[in-house]
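**Q** Contents of upload.txt (compact mmCIF, C-alpha atoms and all ligand atoms):
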# COMPACT_ATOMS: atom_id res chain seq x y z
CA MET Q 1045 70.62 20.43 82.79
CA VAL Q 1046 68.01 19.78 80.19
CA ARG Q 1047 68.03 21.42 76.84
CA SER Q 1048 65.00 23.63 76.43
CA SER Q 1049 62.92 22.68 73.47
CA ASP Q 1050 62.34 26.18 72.26
CA ASN Q 1051 62.91 29.82 72.97
CA TRP Q 1052 60.86 31.31 75.74
CA LYS Q 1053 58.35 34.03 74.99
CA ILE Q 1054 57.82 37.08 77.15
CA GLU Q 1055 54.62 38.98 77.66
CA GLN Q 1056 54.89 42.68 78.42
CA GLN Q 1057 52.36 45.49 78.57
CA CYS Q 1058 52.99 48.29 76.08
CA PRO Q 1059 54.31 51.18 78.20
CA GLN Q 1060 52.32 53.62 76.05
CA CYS Q 1061 48.86 52.05 75.57
CA GLY Q 1062 48.88 49.10 77.98
CA ALA Q 1063 48.14 46.45 75.33
CA PRO Q 1064 49.78 43.04 75.88
CA VAL Q 1065 52.74 42.49 73.55
CA VAL Q 1066 54.47 39.10 73.17
CA LEU Q 1067 58.22 39.26 72.63
CA GLU Q 1068 60.79 36.69 71.60
CA GLU Q 1069 63.52 36.04 74.15
CA THR Q 1070 66.07 37.64 71.81
CA ASP Q 1071 64.01 40.76 71.11
CA ARG Q 1072 65.53 44.04 72.19
CA LEU Q 1073 62.75 46.02 70.57
CA LEU Q 1074 59.11 46.25 71.60
CA SER Q 1075 56.86 47.07 68.63
CA CYS Q 1076 53.30 47.61 69.77
CA PRO Q 1077 50.82 46.40 67.09
CA PHE Q 1078 48.09 48.58 68.62
CA CYS Q 1079 49.56 52.04 69.14
CA ARG Q 1080 52.61 51.41 66.87
CA VAL Q 1081 55.13 52.73 69.38
CA ARG Q 1082 58.64 51.25 69.00
CA LEU Q 1083 60.86 51.12 72.07
CA PHE Q 1084 64.17 49.46 72.91
CA ILE Q 1085 64.10 47.37 76.07
CA SER Q 1086 67.19 47.55 78.22
CA PRO Q 1087 67.85 45.97 81.62
CA GLU Q 1088 70.09 47.58 84.21
CA ASP Q 1089 72.43 44.56 84.14
CA PHE Q 1090 70.72 41.43 82.77
CA PHE Q 1091 67.12 40.45 82.07
CA ARG Q 1092 65.12 39.01 84.95
CA TYR Q 1093 61.94 37.09 84.17
CA TYR Q 1094 59.45 35.05 86.13
CA ILE Q 1095 57.04 32.29 85.25
CA PRO Q 1096 53.61 33.52 86.33
CA PRO Q 1097 52.03 31.27 89.01
CA ALA Q 1098 49.01 29.21 87.86
CA ASP Q 1099 46.86 31.15 90.33
CA PRO Q 1100 47.58 34.81 89.63
CA SER Q 1101 46.06 35.90 92.95
CA MET Q 1102 48.54 33.76 94.90
CA GLN Q 1103 49.80 35.89 97.75
CA GLU Q 1104 52.42 33.63 99.31
CA ALA Q 1105 54.57 32.74 96.28
CA VAL Q 1106 58.32 32.60 96.87
CA PHE Q 1107 60.54 33.04 93.81
CA VAL Q 1108 63.48 30.70 93.15
CA PRO Q 1109 66.18 31.93 90.73
CA TYR Q 1110 67.57 29.93 87.79
CA TRP Q 1111 70.29 31.14 85.43
CA ARG Q 1112 69.28 30.82 81.82
CA PHE Q 1113 72.23 30.64 79.44
CA LYS Q 1114 72.65 30.06 75.76
CA GLY Q 1115 75.93 30.13 73.99
CA MET Q 1116 78.76 28.22 72.38
CA SER Q 1117 81.27 26.10 74.21
CA PHE Q 1118 84.63 25.25 72.64
CA LEU Q 1119 87.14 22.60 73.66
CA CYS Q 1120 90.64 22.64 72.19
CA ARG Q 1121 92.22 19.21 71.93
CA ALA Q 1122 95.59 18.29 70.49
CA ASP Q 1123 94.32 17.75 66.96
CA ARG Q 1124 90.98 19.53 66.81
CA THR Q 1125 88.55 21.99 68.36
CA GLU Q 1126 85.20 20.61 69.39
CA GLN Q 1127 82.22 22.84 69.76
CA ARG Q 1128 78.71 22.60 70.98
CA ILE Q 1129 75.74 24.79 71.67
CA LEU Q 1130 74.79 25.13 75.32
CA ASP Q 1131 71.17 25.98 75.97
CA ALA Q 1132 70.15 25.34 79.53
CA THR Q 1133 68.92 26.56 82.88
CA ALA Q 1134 70.70 25.95 86.17
CA LEU Q 1135 69.64 26.51 89.76
CA ALA Q 1136 71.05 29.81 91.04
CA ALA Q 1137 69.82 29.50 94.67
CA ASP Q 1138 72.09 28.13 97.34
CA TYR Q 1139 69.89 25.14 98.28
CA ASN Q 1140 70.73 22.02 96.33
CA ARG Q 1141 67.62 20.01 97.21
CA LEU Q 1142 65.74 22.15 94.69
CA PRO Q 1143 65.55 20.91 91.06
CA HIS Q 1144 68.86 21.65 89.32
CA SER Q 1145 67.17 23.00 86.21
CA LEU Q 1146 63.80 24.24 85.07
CA GLY Q 1147 63.66 21.24 82.75
CA VAL Q 1148 61.53 21.22 79.65
CA ARG Q 1149 58.42 23.14 80.49
CA PRO Q 1150 55.40 23.62 78.36
CA GLN Q 1151 56.04 27.06 76.92
CA ALA Q 1152 52.33 27.84 76.70
CA VAL Q 1153 52.63 30.46 79.40
CA PRO Q 1154 54.87 33.37 78.44
CA LEU Q 1155 57.36 34.73 80.95
CA ARG Q 1156 57.03 38.21 82.40
CA PHE Q 1157 59.67 40.73 83.30
CA VAL Q 1158 60.30 41.02 87.04
CA SER Q 1159 58.90 44.37 88.07
CA GLY Q 1160 57.68 46.28 91.09
CA ASP Q 1161 54.41 44.26 90.99
CA LEU Q 1162 56.30 41.47 92.73
CA SER Q 1163 57.41 43.61 95.68
CA PRO Q 1164 55.04 41.89 98.17
CA HIS Q 1165 56.77 38.56 97.47
CA PHE Q 1166 59.90 36.90 98.79
CA PHE Q 1167 62.87 35.80 96.69
CA LEU Q 1168 65.71 33.38 97.28
CA PRO Q 1169 69.02 35.21 96.67
CA HIS Q 1170 70.91 34.20 93.53
CA ARG Q 1171 74.54 33.10 93.29
CA SER Q 1172 76.70 34.77 90.65
CA PHE Q 1173 76.52 33.32 87.14
CA GLU Q 1174 80.30 32.71 87.25
CA SER Q 1175 80.08 30.48 90.33
CA VAL Q 1176 77.14 28.51 88.94
CA PHE Q 1177 78.75 28.19 85.53
CA SER Q 1178 82.11 27.01 86.86
CA TRP Q 1179 80.24 24.24 88.68
CA ILE Q 1180 78.51 23.27 85.41
CA GLU Q 1181 81.84 23.32 83.59
CA LYS Q 1182 83.43 21.07 86.21
CA ARG Q 1183 80.58 18.63 85.81
CA LEU Q 1184 81.01 18.64 82.03
CA LEU Q 1185 84.76 18.18 82.40
CA ALA Q 1186 84.29 15.28 84.83
CA ALA Q 1187 81.94 13.58 82.36
CA GLU Q 1188 84.46 14.04 79.57
CA ALA Q 1189 87.38 12.87 81.71
CA SER Q 1190 85.56 9.62 82.51
CA ILE Q 1191 84.94 9.00 78.80
CA ALA Q 1192 88.61 9.68 78.08
CA GLY Q 1193 89.59 7.30 80.89
CA LEU Q 1194 87.70 4.47 79.24
CA LYS Q 1195 89.79 4.72 76.11
CA ALA Q 1196 93.03 3.75 77.82
CA GLY Q 1197 96.26 4.97 76.26
CA ARG Q 1198 94.66 7.80 74.34
CA VAL Q 1199 94.47 10.20 77.24
CA SER Q 1200 96.80 12.88 75.89
CA LYS Q 1201 94.97 13.04 72.61
CA ASP Q 1202 91.78 13.53 74.55
CA ARG Q 1203 93.25 16.13 76.85
CA VAL Q 1204 91.42 19.43 76.83
CA TYR Q 1205 94.06 22.12 76.37
CA HIS Q 1206 91.75 25.07 76.52
CA ARG Q 1207 88.06 25.69 76.86
CA ALA Q 1208 86.00 28.78 76.26
CA TYR Q 1209 82.42 29.75 76.55
CA ILE Q 1210 80.88 32.50 74.44
CA GLY Q 1211 77.56 33.41 75.97
CA GLU Q 1212 74.91 35.13 73.96
CA THR Q 1213 72.10 35.13 76.46
CA THR Q 1214 72.44 35.14 80.20
CA SER Q 1215 69.34 35.96 82.18
CA LEU Q 1216 67.62 35.03 85.40
CA ILE Q 1217 64.30 33.17 85.39
CA TYR Q 1218 62.34 32.91 88.64
CA LEU Q 1219 60.23 29.86 89.37
CA PRO Q 1220 57.36 30.55 91.79
CA VAL Q 1221 56.97 28.04 94.62
CA PHE Q 1222 54.81 27.89 97.71
CA ILE Q 1223 55.24 26.26 101.09
CA ARG Q 1224 52.82 23.55 102.28
CA GLY Q 1225 53.71 22.19 105.71
CA ASN Q 1226 57.36 21.22 105.39
CA VAL Q 1227 57.63 20.98 101.60
CA LEU Q 1228 58.12 23.38 98.72
CA CYS Q 1229 55.65 23.03 95.85
CA ASP Q 1230 55.91 24.25 92.25
CA ALA Q 1231 53.32 27.04 91.84
CA ILE Q 1232 52.69 26.17 88.19
CA THR Q 1233 52.08 22.43 88.44
CA GLY Q 1234 51.30 22.23 92.17
CA SER Q 1235 53.69 19.27 92.59
CA ARG Q 1236 56.13 18.86 95.50
CA ILE Q 1237 59.66 19.70 94.49
CA ALA Q 1238 61.79 19.76 97.66
CA PRO Q 1239 61.62 19.43 101.42
CA LEU Q 1240 62.06 22.61 103.43
CA PRO Q 1241 65.54 22.71 104.94
CA GLU Q 1242 65.86 21.95 108.67
CA LYS Q 1243 65.66 24.96 110.95
CA GLU Q 1244 68.97 23.84 112.54
CA SER Q 1245 70.75 24.16 109.20
CA GLY Q 1246 69.72 27.77 108.99
CA GLY Q 1247 66.53 27.32 106.96
CA LEU Q 1248 66.02 29.28 103.77
CA GLU Q 1249 67.26 32.81 103.41
CA PHE Q 1250 64.63 35.11 101.92
CA GLN Q 1251 64.91 38.61 100.61
CA LYS Q 1252 62.55 41.21 99.20
CA LEU Q 1253 62.62 42.19 95.54
CA ASP Q 1254 65.81 44.01 94.62
CA ALA Q 1255 64.36 46.37 92.08
CA ALA Q 1256 65.58 45.45 88.62
CA LYS Q 1257 65.08 48.52 86.54
CA LEU Q 1258 63.91 47.99 82.98
CA SER Q 1259 64.19 50.94 80.61
CA PHE Q 1260 62.15 51.65 77.50
CA ILE Q 1261 64.09 53.85 75.10
CA PRO Q 1262 62.69 55.64 72.02
CA THR Q 1263 64.13 54.28 68.74
CA ILE Q 1264 65.18 57.66 67.42
CA CYS Q 1265 68.67 58.87 66.70
CA PRO Q 1266 69.89 60.91 69.70
CA ARG Q 1267 71.81 63.17 67.32
CA CYS Q 1268 69.36 63.99 64.51
CA GLY Q 1269 66.01 62.56 65.58
CA TRP Q 1270 65.56 60.16 62.63
CA ASP Q 1271 64.29 56.61 63.05
CA LEU Q 1272 67.06 54.14 63.73
CA HIS Q 1273 67.53 50.96 61.69
CA GLY Q 1274 68.34 47.47 62.96
CA GLY Q 1275 66.57 44.17 63.50
CA SER Q 1276 64.38 43.60 66.55
CA ASP Q 1277 67.17 41.47 68.07
CA SER Q 1278 70.06 43.82 67.26
CA LEU Q 1279 72.24 45.31 69.99
CA VAL Q 1280 73.39 48.10 67.66
CA HIS Q 1281 71.22 50.40 65.56
CA LEU Q 1282 72.25 52.63 62.68
CA CYS Q 1283 71.14 56.09 61.62
CA ARG Q 1284 71.09 56.32 57.84
CA ASN Q 1285 70.55 60.07 58.04
CA CYS Q 1286 73.60 61.19 60.05
CA ASP Q 1287 75.68 57.97 59.56
CA THR Q 1288 76.07 57.05 63.20
CA ALA Q 1289 75.80 53.79 65.16
CA TRP Q 1290 74.15 53.45 68.57
CA LYS Q 1291 74.36 50.78 71.21
CA ILE Q 1292 71.64 50.12 73.79
CA SER Q 1293 73.31 50.82 77.11
CA GLY Q 1294 71.64 51.19 80.51
CA ASP Q 1295 68.73 53.60 80.16
CA GLY Q 1296 69.85 55.23 76.92
CA LEU Q 1297 71.76 54.93 73.68
CA GLU Q 1298 75.52 55.27 73.47
CA GLY Q 1299 77.37 56.32 70.31
CA LEU Q 1300 79.56 53.58 68.85
CA ASP Q 1301 82.42 54.01 66.36
CA PHE Q 1302 82.19 51.85 63.30
CA ALA Q 1303 84.18 51.29 60.13
CA VAL Q 1304 83.43 49.68 56.80
CA VAL Q 1305 85.44 47.35 54.58
CA PRO Q 1306 85.24 49.02 51.14
CA ALA Q 1307 83.17 46.93 48.72
CA ARG Q 1308 84.94 45.64 45.58
CA GLU Q 1309 81.70 44.52 43.99
CA ASP Q 1310 78.01 45.17 44.41
CA SER Q 1311 76.92 43.91 47.84
CA ARG Q 1312 73.41 43.15 48.95
CA LEU Q 1313 74.41 42.47 52.52
CA TYR Q 1314 76.92 43.70 55.08
CA LEU Q 1315 77.75 41.45 58.00
CA PRO Q 1316 78.98 42.95 61.29
CA PHE Q 1317 82.33 41.88 62.75
CA TRP Q 1318 84.24 42.96 65.86
CA ARG Q 1319 87.83 43.96 65.13
CA MET Q 1320 89.76 43.69 68.37
CA LYS Q 1321 93.15 44.88 69.44
CA ALA Q 1322 94.79 42.88 72.21
CA GLY Q 1323 98.17 42.53 73.87
CA ILE Q 1324 99.31 38.91 73.55
CA SER Q 1325 102.03 37.46 75.74
CA GLY Q 1326 103.41 33.93 75.83
CA ILE Q 1327 103.72 33.66 72.04
CA ASN Q 1328 105.06 35.93 69.29
CA LEU Q 1329 101.95 37.26 67.69
CA ASN Q 1330 102.12 41.02 67.53
CA SER Q 1331 102.93 42.00 63.95
CA TYR Q 1332 101.60 40.90 60.59
CA ALA Q 1333 104.92 39.13 59.94
CA ASP Q 1334 104.39 37.16 63.20
CA LEU Q 1335 100.91 36.22 61.99
CA VAL Q 1336 102.14 34.98 58.60
CA ARG Q 1337 104.72 32.77 60.37
CA PHE Q 1338 102.31 31.64 63.11
CA ALA Q 1339 99.53 30.64 60.69
CA ASN Q 1340 102.05 29.45 58.09
CA LEU Q 1341 100.34 31.53 55.40
CA PRO Q 1342 101.71 31.06 51.86
CA LYS Q 1343 103.14 34.58 51.65
CA ALA Q 1344 106.69 35.95 51.46
CA ILE Q 1345 107.28 38.35 54.35
CA GLN Q 1346 107.61 41.89 53.05
CA LYS Q 1347 109.38 44.90 54.41
CA GLY Q 1348 107.23 46.72 56.94
CA TRP Q 1349 105.25 43.64 57.99
CA GLU Q 1350 107.39 43.27 61.14
CA GLU Q 1351 106.01 46.65 62.27
CA GLN Q 1352 102.46 46.29 60.98
CA GLU Q 1353 100.11 45.76 63.92
CA ILE Q 1354 97.40 43.12 63.79
CA HIS Q 1355 93.82 42.84 64.91
CA PHE Q 1356 91.72 39.88 65.87
CA TRP Q 1357 88.38 39.54 64.16
CA SER Q 1358 85.19 37.83 65.21
CA PRO Q 1359 81.68 37.65 63.81
CA ALA Q 1360 79.37 40.03 65.70
CA PHE Q 1361 76.40 37.79 64.92
CA LYS Q 1362 75.24 34.41 66.09
CA ILE Q 1363 75.89 31.45 63.87
CA ARG Q 1364 76.63 27.75 64.39
CA PRO Q 1365 79.84 27.45 66.46
CA GLN Q 1366 81.72 25.59 63.73
CA LEU Q 1367 81.07 28.38 61.21
CA PHE Q 1368 81.71 30.99 63.88
CA GLN Q 1369 85.24 29.83 64.58
CA ARG Q 1370 85.98 29.28 60.91
CA ALA Q 1371 84.88 32.85 60.07
CA ALA Q 1372 86.84 34.31 63.01
CA LYS Q 1373 90.02 32.58 61.83
CA ALA Q 1374 89.59 33.49 58.16
CA ALA Q 1375 88.81 37.14 58.96
CA THR Q 1376 91.82 37.37 61.30
CA ASN Q 1377 94.15 35.81 58.73
CA ALA Q 1378 92.90 38.27 56.10
CA GLN Q 1379 93.63 41.48 58.10
CA LEU Q 1380 91.60 43.56 55.65
CA PRO Q 1381 92.03 47.35 55.80
CA VAL Q 1382 88.98 49.28 56.98
CA GLU Q 1383 87.64 52.73 56.26
CA ALA Q 1384 86.70 54.79 59.33
CA GLY Q 1385 84.32 57.74 59.18
CA ALA Q 1386 82.41 55.98 56.42
CA GLU Q 1387 78.72 56.30 55.61
CA VAL Q 1388 76.29 53.61 56.73
CA PRO Q 1389 76.07 51.25 53.71
CA LYS Q 1390 72.91 51.57 51.62
CA ALA Q 1391 72.56 47.78 51.47
CA GLU Q 1392 71.03 45.65 54.23
CA VAL Q 1393 73.13 45.39 57.40
CA PHE Q 1394 72.75 42.16 59.34
CA PRO Q 1395 71.87 42.64 63.07
CA VAL Q 1396 74.62 42.68 65.69
CA THR Q 1397 73.59 39.91 68.06
CA LEU Q 1398 76.88 39.11 69.80
CA PRO Q 1399 78.35 41.76 72.13
CA SER Q 1400 82.05 42.61 71.81
CA GLU Q 1401 82.72 41.43 75.39
CA GLU Q 1402 81.61 37.93 74.39
CA ALA Q 1403 83.58 38.00 71.13
CA LEU Q 1404 86.70 38.61 73.25
CA GLN Q 1405 86.08 35.32 75.08
CA GLY Q 1406 86.75 33.51 71.82
CA LEU Q 1407 90.12 35.12 71.10
CA LYS Q 1408 92.25 32.27 72.41
CA ILE Q 1409 90.22 29.79 70.37
CA THR Q 1410 90.94 31.85 67.25
CA ILE Q 1411 94.65 31.88 68.08
CA PHE Q 1412 94.57 28.11 68.68
CA ASN Q 1413 92.81 27.52 65.35
CA MET Q 1414 95.25 29.78 63.49
CA ALA Q 1415 98.35 27.93 64.67
CA VAL Q 1416 100.03 25.80 61.98
CA PRO Q 1417 101.35 23.33 63.01
CA LYS Q 1418 99.31 22.86 66.22
CA LYS Q 1419 102.16 21.25 68.13
CA LYS Q 1420 103.92 24.57 68.51
CA ILE Q 1421 101.08 26.05 70.53
CA LEU Q 1422 100.09 23.05 72.71
CA PRO Q 1423 102.97 23.24 75.23
CA VAL Q 1424 102.53 26.98 75.78
CA ILE Q 1425 98.76 27.42 75.61
CA ASP Q 1426 98.39 27.91 79.36
CA GLU Q 1427 101.00 30.66 79.33
CA ILE Q 1428 99.29 32.74 76.66
CA SER Q 1429 97.63 35.73 78.19
CA ILE Q 1430 95.44 38.18 76.37
CA THR Q 1431 94.85 41.79 77.36
CA PRO Q 1432 91.99 43.31 75.39
CA ARG Q 1433 92.68 46.91 74.34
CA GLU Q 1434 89.82 48.01 72.08
CA SER Q 1435 87.13 46.73 69.76
CA LEU Q 1436 85.67 48.33 66.69
CA LEU Q 1437 82.49 47.42 64.85
CA VAL Q 1438 83.29 46.74 61.19
CA LEU Q 1439 80.65 46.24 58.50
CA VAL Q 1440 81.90 43.78 55.89
CA PRO Q 1441 80.37 43.53 52.39
CA PHE Q 1442 79.35 40.08 51.19
CA GLY Q 1443 78.48 39.04 47.66
CA THR Q 1444 76.11 36.21 46.84
CA ASN Q 1445 76.13 33.03 44.85
CA THR Q 1446 73.27 30.52 44.71
CA HIS Q 1447 72.99 29.53 48.37
CA GLU Q 1448 75.77 31.44 50.04
CA TYR Q 1449 77.01 34.83 51.09
CA VAL Q 1450 80.61 35.14 50.04
CA GLN Q 1451 83.50 37.37 51.13
CA ARG Q 1452 86.21 36.58 48.61
CA GLU Q 1453 89.07 38.56 50.16
CA MET Q 1454 88.45 36.91 53.53
CA HIS Q 1455 87.80 33.46 52.01
CA ILE Q 1456 84.52 33.17 53.90
CA SER Q 1457 81.35 31.67 52.53
CA LEU Q 1458 78.28 31.35 54.71
CA ASN Q 1459 75.24 29.36 53.80
CA MET Q 1460 72.18 31.64 53.70
CA ASN Q 1461 70.09 29.23 55.76
CA ALA Q 1462 72.83 28.90 58.38
CA LEU Q 1463 72.77 32.65 58.80
CA ARG Q 1464 69.00 32.70 59.10
CA TYR Q 1465 68.89 29.81 61.60
CA GLY Q 1466 71.72 31.36 63.56
CA LYS Q 1467 69.24 33.95 64.77
CA ASN Q 1468 67.49 31.27 66.81
CA LEU Q 1469 70.65 29.94 68.44
ZN ZN O 1501 50.91 50.32 72.54
ZN ZN O 1502 71.00 60.51 63.08
What's the structure tokens form of this structure?
Ligand SMILES: [Zn+2]
Ligand SMILES: [Zn+2]
**A**
Amino acid sequence: MVRSSDNWKIEQQCPQCGAPVVLEETDRLLSCPFCRVRLFISPEDFFRYYIPPADPSMQEAVFVPYWRFKGMSFLCRADRTEQRILDATALAADYNRLPHSLGVRPQAVPLRFVSGDLSPHFFLPHRSFESVFSWIEKRLLAAEASIAGLKAGRVSKDRVYHRAYIGETTSLIYLPVFIRGNVLCDAITGSRIAPLPEKESGGLEFQKLDAAKLSFIPTICPRCGWDLHGGSDSLVHLCRNCDTAWKISGDGLEGLDFAVVPAREDSRLYLPFWRMKAGISGINLNSYADLVRFANLPKAIQKGWEEQEIHFWSPAFKIRPQLFQRAAKAATNAQLPVEAGAEVPKAEVFPVTLPSEEALQGLKITIFNMAVPKKKILPVIDEISITPRESLLVLVPFGTNTHEYVQREMHISLNMNALRYGKNL
């Protein structure tokens, strides 16, 4: 796995006027500079791209799949949680003589979406992301275990008690190759990359294009017909006319409930959070009283807290993993009340760039980080099981001081630059 140097770019023809439009990898919105049409782009399941062959007339290209993933990986150790950003590609075809990653490629050539144009070509089938990722994880774990082994006597401190991966981008990128004699060659550079497998071992399995449908959806509110608001990379868009929220889903827009934390002071910015309800077993963490005890918060337990249900909170936007887990913990500890059926705030709303399904992956990390002292959770961490019940989008008002956005009641402050750079994570 090699870290890619930069985000990929994607070239796509405008569905309305045919002009070429270059998109960022994180864009969910195509804005045509020529005919001015604005359309959401939505894949049936995940995005599939290909690197165009150097010779566009090449008839015999075979496409090899690579999983592209970006996200945050967390490791819980006895005394700390370590985090890192994963940004890599990994071979998805079942033939391990091929390069294990796409490596660092000159990004001069933009990717294209896989479409019906490729139907004359052959593809190698792809393994599931889960199976490829668990192999990557094992390799990471093995590397870490050998480092731990070197520091004799400190093994338990270096033990990984729990690990989680929160993926923000998972897509498939196809590398075109061609066959010359008994070798496979890269169709961009022309260089040899792998021998063809022996016929006796079954050879390579080819398949035709399995049509990946890409939908282009008008950016107008399905209820009232007004233009929707949201950044080009946002997964959720708001209608400021009829106060509704919409999520890109399949070939259309799906209504999404949202709530707002009432603002105590003038706010220039609302940040989106997921507020999740989950059944927790293996530890006592069901009521607000449980939470105060579990996190050892400096509060005297009041009547009614034993019955008051709790929610787990997570940022719904990308930010450096260290800030992400800190904000998730602080927001969960705060348990702020929310107002449902509220209007869309007049102030700016930061784009939702992390889906709720991914936020759920971080729940155990939040629980681990909340525990004070840590030693009470370490022996039971494997027994904790989490059953997600529901998630709600909550818009949280932030105030500002010189360089930070601040949420006083949640005790969260986020550096303005960190928030801006988070968009490129
Ligand atoms: Zn156009
Ligand atoms: Zn509307």
**Q** Under the rule of at most 9 Å, produce a per-residue listing of chain Q near ligand ZN 1502 (chain O): chain, number, name, the closest pair of atoms, and the distance in Å, as a Markdown table, using only C-alpha atoms and all ligand atoms.
**A**
| residue | atom | partner | partner_atom | distance |
| --- | --- | --- | --- | --- |
| Q:Ile1264 | CA | O:ZN1502 | ZN | 7.8 |
| Q:Cys1265 | CA | O:ZN1502 | ZN | 4.6 |
| Q:Pro1266 | CA | O:ZN1502 | ZN | 6.7 |
| Q:Arg1267 | CA | O:ZN1502 | ZN | 5.1 |
| Q:Cys1268 | CA | O:ZN1502 | ZN | 4.1 |
| Q:Gly1269 | CA | O:ZN1502 | ZN | 5.9 |
| Q:Trp1270 | CA | O:ZN1502 | ZN | 5.5 |
| Q:Asp1271 | CA | O:ZN1502 | ZN | 7.8 |
| Q:Leu1272 | CA | O:ZN1502 | ZN | 7.5 |
| Q:Leu1282 | CA | O:ZN1502 | ZN | 8.0 |
| Q:Cys1283 | CA | O:ZN1502 | ZN | 4.7 |
| Q:Arg1284 | CA | O:ZN1502 | ZN | 6.7 |
| Q:Asn1285 | CA | O:ZN1502 | ZN | 5.1 |
| Q:Cys1286 | CA | O:ZN1502 | ZN | 4.1 |
| Q:Asp1287 | CA | O:ZN1502 | ZN | 6.4 |
| Q:Thr1288 | CA | O:ZN1502 | ZN | 6.1 |
| Q:Ala1289 | CA | O:ZN1502 | ZN | 8.5 |
**Q** Restricting it to C-alpha atoms, dump the selection as a PDB file, in the frame of the given file.
**A**
ATOM      1  CA  ILE Q1264      65.180  57.660  67.420  1.00  0.00           C
ATOM      2  CA  CYS Q1265      68.670  58.870  66.700  1.00  0.00           C
ATOM      3  CA  PRO Q1266      69.890  60.910  69.700  1.00  0.00           C
ATOM      4  CA  ARG Q1267      71.810  63.170  67.320  1.00  0.00           C
ATOM      5  CA  CYS Q1268      69.360  63.990  64.510  1.00  0.00           C
ATOM      6  CA  GLY Q1269      66.010  62.560  65.580  1.00  0.00           C
ATOM      7  CA  TRP Q1270      65.560  60.160  62.630  1.00  0.00           C
ATOM      8  CA  ASP Q1271      64.290  56.610  63.050  1.00  0.00           C
ATOM      9  CA  LEU Q1272      67.060  54.140  63.730  1.00  0.00           C
ATOM     10  CA  LEU Q1282      72.250  52.630  62.680  1.00  0.00           C
ATOM     11  CA  CYS Q1283      71.140  56.090  61.620  1.00  0.00           C
ATOM     12  CA  ARG Q1284      71.090  56.320  57.840  1.00  0.00           C
ATOM     13  CA  ASN Q1285      70.550  60.070  58.040  1.00  0.00           C
ATOM     14  CA  CYS Q1286      73.600  61.190  60.050  1.00  0.00           C
ATOM     15  CA  ASP Q1287      75.680  57.970  59.560  1.00  0.00           C
ATOM     16  CA  THR Q1288      76.070  57.050  63.200  1.00  0.00           C
ATOM     17  CA  ALA Q1289      75.800  53.790  65.160  1.00  0.00           C
TER      18      ALA Q1289
END
**Q** For CA of Trp1111 (chain Q) and CA of Val1176 (chain Q), quote the distance in Å rounded to one decimal.
**A**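 According to the coordinates, CA of Trp1111 (chain Q) and CA of Val1176 (chain Q) are separated by 8.1 Å.
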**Q** Can you tell me which residues come within 12 Å of ligand ZN 1501 (chain O) when counting only C-alpha atoms and all ligand atoms, ideally as a list in words?
**A**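 Written in the requested form, the residues are Gln1056, Gln1057, Cys1058, Pro1059, Gln1060, Cys1061, Gly1062, Ala1063, Pro1064, Val1065, Val1066, Leu1074, Ser1075, Cys1076, Pro1077, Phe1078, Cys1079, Arg1080, Val1081, Arg1082 and Leu1083 of chain Q.
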**Q** Could you work out how far CA of Asp1426 (chain Q) lies from CA of Met1414 (chain Q), giving the answer in Å with one decimal?
**A**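 These atoms are spaced 16.3 Å apart.
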**Q** From the set Q:Pro1432, Q:Pro1423, Q:Pro1359, Q:Pro1389, which residue has the shortest atom-to-atom contact distance to Thr1376 (chain Q), counting all atoms listed in the file?
**A** Q:Pro1359
**Q** Which of these, Q:Leu1067, Q:Leu1119, Q:Val1227, Q:Val1393, has the shortest distance to Arg1312 (chain Q) once you count only C-alpha atoms?
**A**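 That would be Q:Val1393, the residue with the smallest distance to Arg1312 (chain Q).
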**Q** Can you pull out the residues contacting Pro1109 (chain Q)? Cut-off 6 Å, using all atoms listed in the file, and skip same-chain residues under 2 positions away; I want them as a PyMOL selection string.
**A** chain Q and resi 1136-1137+1170+1217-1218
**Q** Nearest to Lys1182 (chain Q): which of Q:Asn1340, Q:Glu1298, Q:Ala1378, Q:Arg1207 is it, counting all atoms listed in the file?
**A**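 Nearest candidate to Lys1182 (chain Q) out of Q:Asn1340, Q:Glu1298, Q:Ala1378, Q:Arg1207: Q:Arg1207.
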**Q** Using all atoms listed in the file, find the one residue out of Q:Asp1123, Q:Glu1068, Q:Glu1104, Q:Asp1277 that sits nearest to Lys1419 (chain Q).
**A**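 Ranked by minimum distance to Lys1419 (chain Q), first place goes to Q:Asp1123.
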**Q** Nearest to Ile1232 (chain Q): which of Q:Phe1356, Q:Phe1107, Q:Tyr1139, Q:Phe1113 is it, counting all atoms listed in the file?
**A**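 Checking each of Q:Phe1356, Q:Phe1107, Q:Tyr1139, Q:Phe1113 against Ile1232 (chain Q), counting all atoms listed in the file, the winner is Q:Phe1107.
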**Q** Out of Q:Thr1133, Q:Asn1377, Q:Asn1461, Q:Ser1215, which residue has the shortest atom-to-atom distance to Pro1087 (chain Q) when counting all atoms listed in the file?
**A**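 Answer, going by the shortest atom-to-atom distance: Q:Ser1215.
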**Q** Could you state the separation of CA of Leu1407 (chain Q) and CA of Pro1381 (chain Q) in Å, given to one decimal place?
**A**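 Interatomic distance, CA of Leu1407 (chain Q) to CA of Pro1381 (chain Q): 19.7 Å.
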**Q** List every residue of region 1049-1096 of chain Q that has an atom at most 7 Å from any atom of region 1154-1160 of chain Q, and for each one report the closest atom pair and its distance in Å to one decimal, counting all atoms listed in the file, with rows sorted by chain and then by increasing residue number, as a tab-separated table.
**A**
residue	atom	partner	partner_atom	distance
Q:Trp1052	CA	Q:Pro1154	CA	6.9
Q:Lys1053	CA	Q:Pro1154	CA	4.9
Q:Ile1054	CA	Q:Leu1155	CA	4.5
Q:Glu1055	CA	Q:Arg1156	CA	5.4
Q:Gln1056	CA	Q:Arg1156	CA	6.4
Q:Arg1092	CA	Q:Val1158	CA	5.6
Q:Tyr1093	CA	Q:Phe1157	CA	4.4
Q:Tyr1094	CA	Q:Arg1156	CA	5.5
Q:Ile1095	CA	Q:Leu1155	CA	5.0
Q:Pro1096	CA	Q:Leu1155	CA	6.7
